[in-house]
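Trainee: Let me give you the structure first, and then I'll get to my questions.
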Amino acid sequence: MSLMDRKSFLTSTNTKAKPAGTAQTSKLARTNSGITPYSGVWGDNEVIHLLKRTMFGAKITDIAYFKTKTMSQAVDELVTPLAAPLPPINNYEGKSFNGTPFVDPNGIAKGATWVNAPYDGDANGFRENSLKAWWVSLLHNQGRNITEKMTLFWHNHFSTEINAYNDVRYNYTYLSLLRQYALGDFKAFAKAITLDPMMLRYLNGFVNTKNAPDENYGRELQELFCCGKGPNSQYTEDDVKAAAKVLTGININNTVLGYTFISTNHDTTNKTFSSFYNNTVINGLAGASGINELDALITMIFAGKPATQSLPETAHFICRKLYRWFVYSAIDAATETNVITPMAQAFYTANWDIKAPLKLLLKSEHFFDALNMGCQIKSPVDFTIGILREFNIPIQNIDPAATYDAWYTVYAVMANLQQSLGDPPNVAGWQAYYQEPQYNELWINTDTLPKRAQVADILVLSNYGLIPAIDVIAFADAMSNPADPNLLVTDALKYLFRIPLNQVNIDYIKTTYLLNMLTNDVYWTQAWNLFNLDRTNVANKGVIKSRLQGMIKYMVDLAEFQIS
């Protein structure tokens, strides 16, 4: 029995939308709700919605915690910046390498970090896997905070690919930069990412010289990073060429894993820009002062706007991307007016502090509008990490190598579902976040949907390598009254699903899996109570475990489970 038609799930489309950054993407308003602070009910439904959108999965303990707060307090806490995490470690010492146990050539001990060690070609592959596993560990062990969701947001926005640089230390410095600015000053962030050695390598900034200007980064800084492609982003090809000249002379410093400025490679001529940038002229600077042209370029871009618009286009563009990430893919005229414009104003007024529009959005009546709940398809990261966290699947810190191997298994699962951390397909990020009209529907296809079901099934029924199976009994224990089959089913659906099921479907789950096709609820109640009297009884435990496994396996295989 299916609770959602699979064919329609795979082929349905949202209201057609133009590329990210476009002001109006549909003619009819989905909802007229706006940025007014939400003042409605603050219960399980609202808390779960907030946590599933701002974190990866909503753990039952986190739901209970945030119910003790007001909505505003919950958002404030979620959006409070965190301290930098501990760096990745040597988990590879002693692993097989060309038939012999590997020994770190720089003397980095097992369990110590390698991020400040000299480059080594043999160790680099091991360290790359270590970095990927480390990133998964941060996702799996994330606190009650939005930082990990925002780090992935910025990784998709300021995209780079690990293999663009055969030195994973630069990938670590890049990810550290994303976390440093994840909830900070976006204008400062744009400058910092411009000077990041990983970005300099990825978009050819390090080969951009006065004698051979490379327009790659100067284009993407405007087109993908700050202004977007929408109709109100009216920079010109000449603006791209002029920006490239401003950026000449910036290179990579391999000694400090940062940047260096080579003044003899810098174009010292004046650079003139279009009316979109108010016909700004950036005066050429010679010598070491040439790097200061970057500040003038960033300031100019962040002020760029068409004559018909009061706010800089950058404010609108970034707020639309935040909206699509946290709320819904299509932006219609009503949403542009009622949500995006106020967010952009808050962003600009706060001197580009990313927390300002983010808080405004997450506290709004629009965010908690019923039409904006259960309307996103989970990304592979959301799907995989969500299962681990919502079912409280532990990855024990017994041995660094084994623990990192388990986390790397999670990374490989997500990559197999078409979202490889550290390796978006191109500079625009993953298509699901920008490709009209499908957007997040691109995560689901005839290849990925069966794979998602397989991952969920394995985690219900057995271990996934070093990742233990779901403890279905512990999950049932966390419900309000596991002896009552009606409450057990409805509680499980409440925590796992964002689309309500009708009573017929709820009864089907209860009868088929908990009652073993019987009609009297007492069957399950007696079985549970008997098991609860003596949990060491293997036979009684087996009955309960098999019934719960069947129910949870059915639930996680449903199309509705893919929705957040």
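All residue names refer to the structure tokens as shown: chains lettered A, B, ... in order, residues numbered from 1 in each chain, ligands numbered from 1 in order.
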Please provide as a VMD selection string all residues within 12 Å of Lys69 (chain A), with the sequence filter that same-chain residues fewer than 5 positions apart are discarded (counting only C-alpha atoms).
Mentor: chain A and resid 42 to 43 47 62 to 64 74 to 78
Trainee: So which residues touch region 299-312 of chain A within 7 Å, counting only C-alpha atoms, skipping near sequence neighbours fewer than 5 positions away, as a ChimeraX atom specification?
Mentor: /A:232,234,276-277
Trainee: For CA of Trp114 (chain A) and CA of Glu128 (chain A), determine how far apart the two atoms are, in Å to one decimal place.
Mentor: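 A separation of 10.7 Å between them.
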Trainee: So which residues touch Asn141 (chain A) within 12 Å, counting only C-alpha atoms, skipping near sequence neighbours fewer than 5 positions away, as a PyMOL selection string?
Mentor: chain A and resi 55-57+59+85+134-136+147-148+385-386+388-390+392-397+407
Trainee: Would you mind telling me which residue in A:Ile467, A:Phe531, A:Lys229, A:Thr272 lies nearest to Pro482 (chain A) when using only C-alpha atoms?
Mentor: A:Phe531
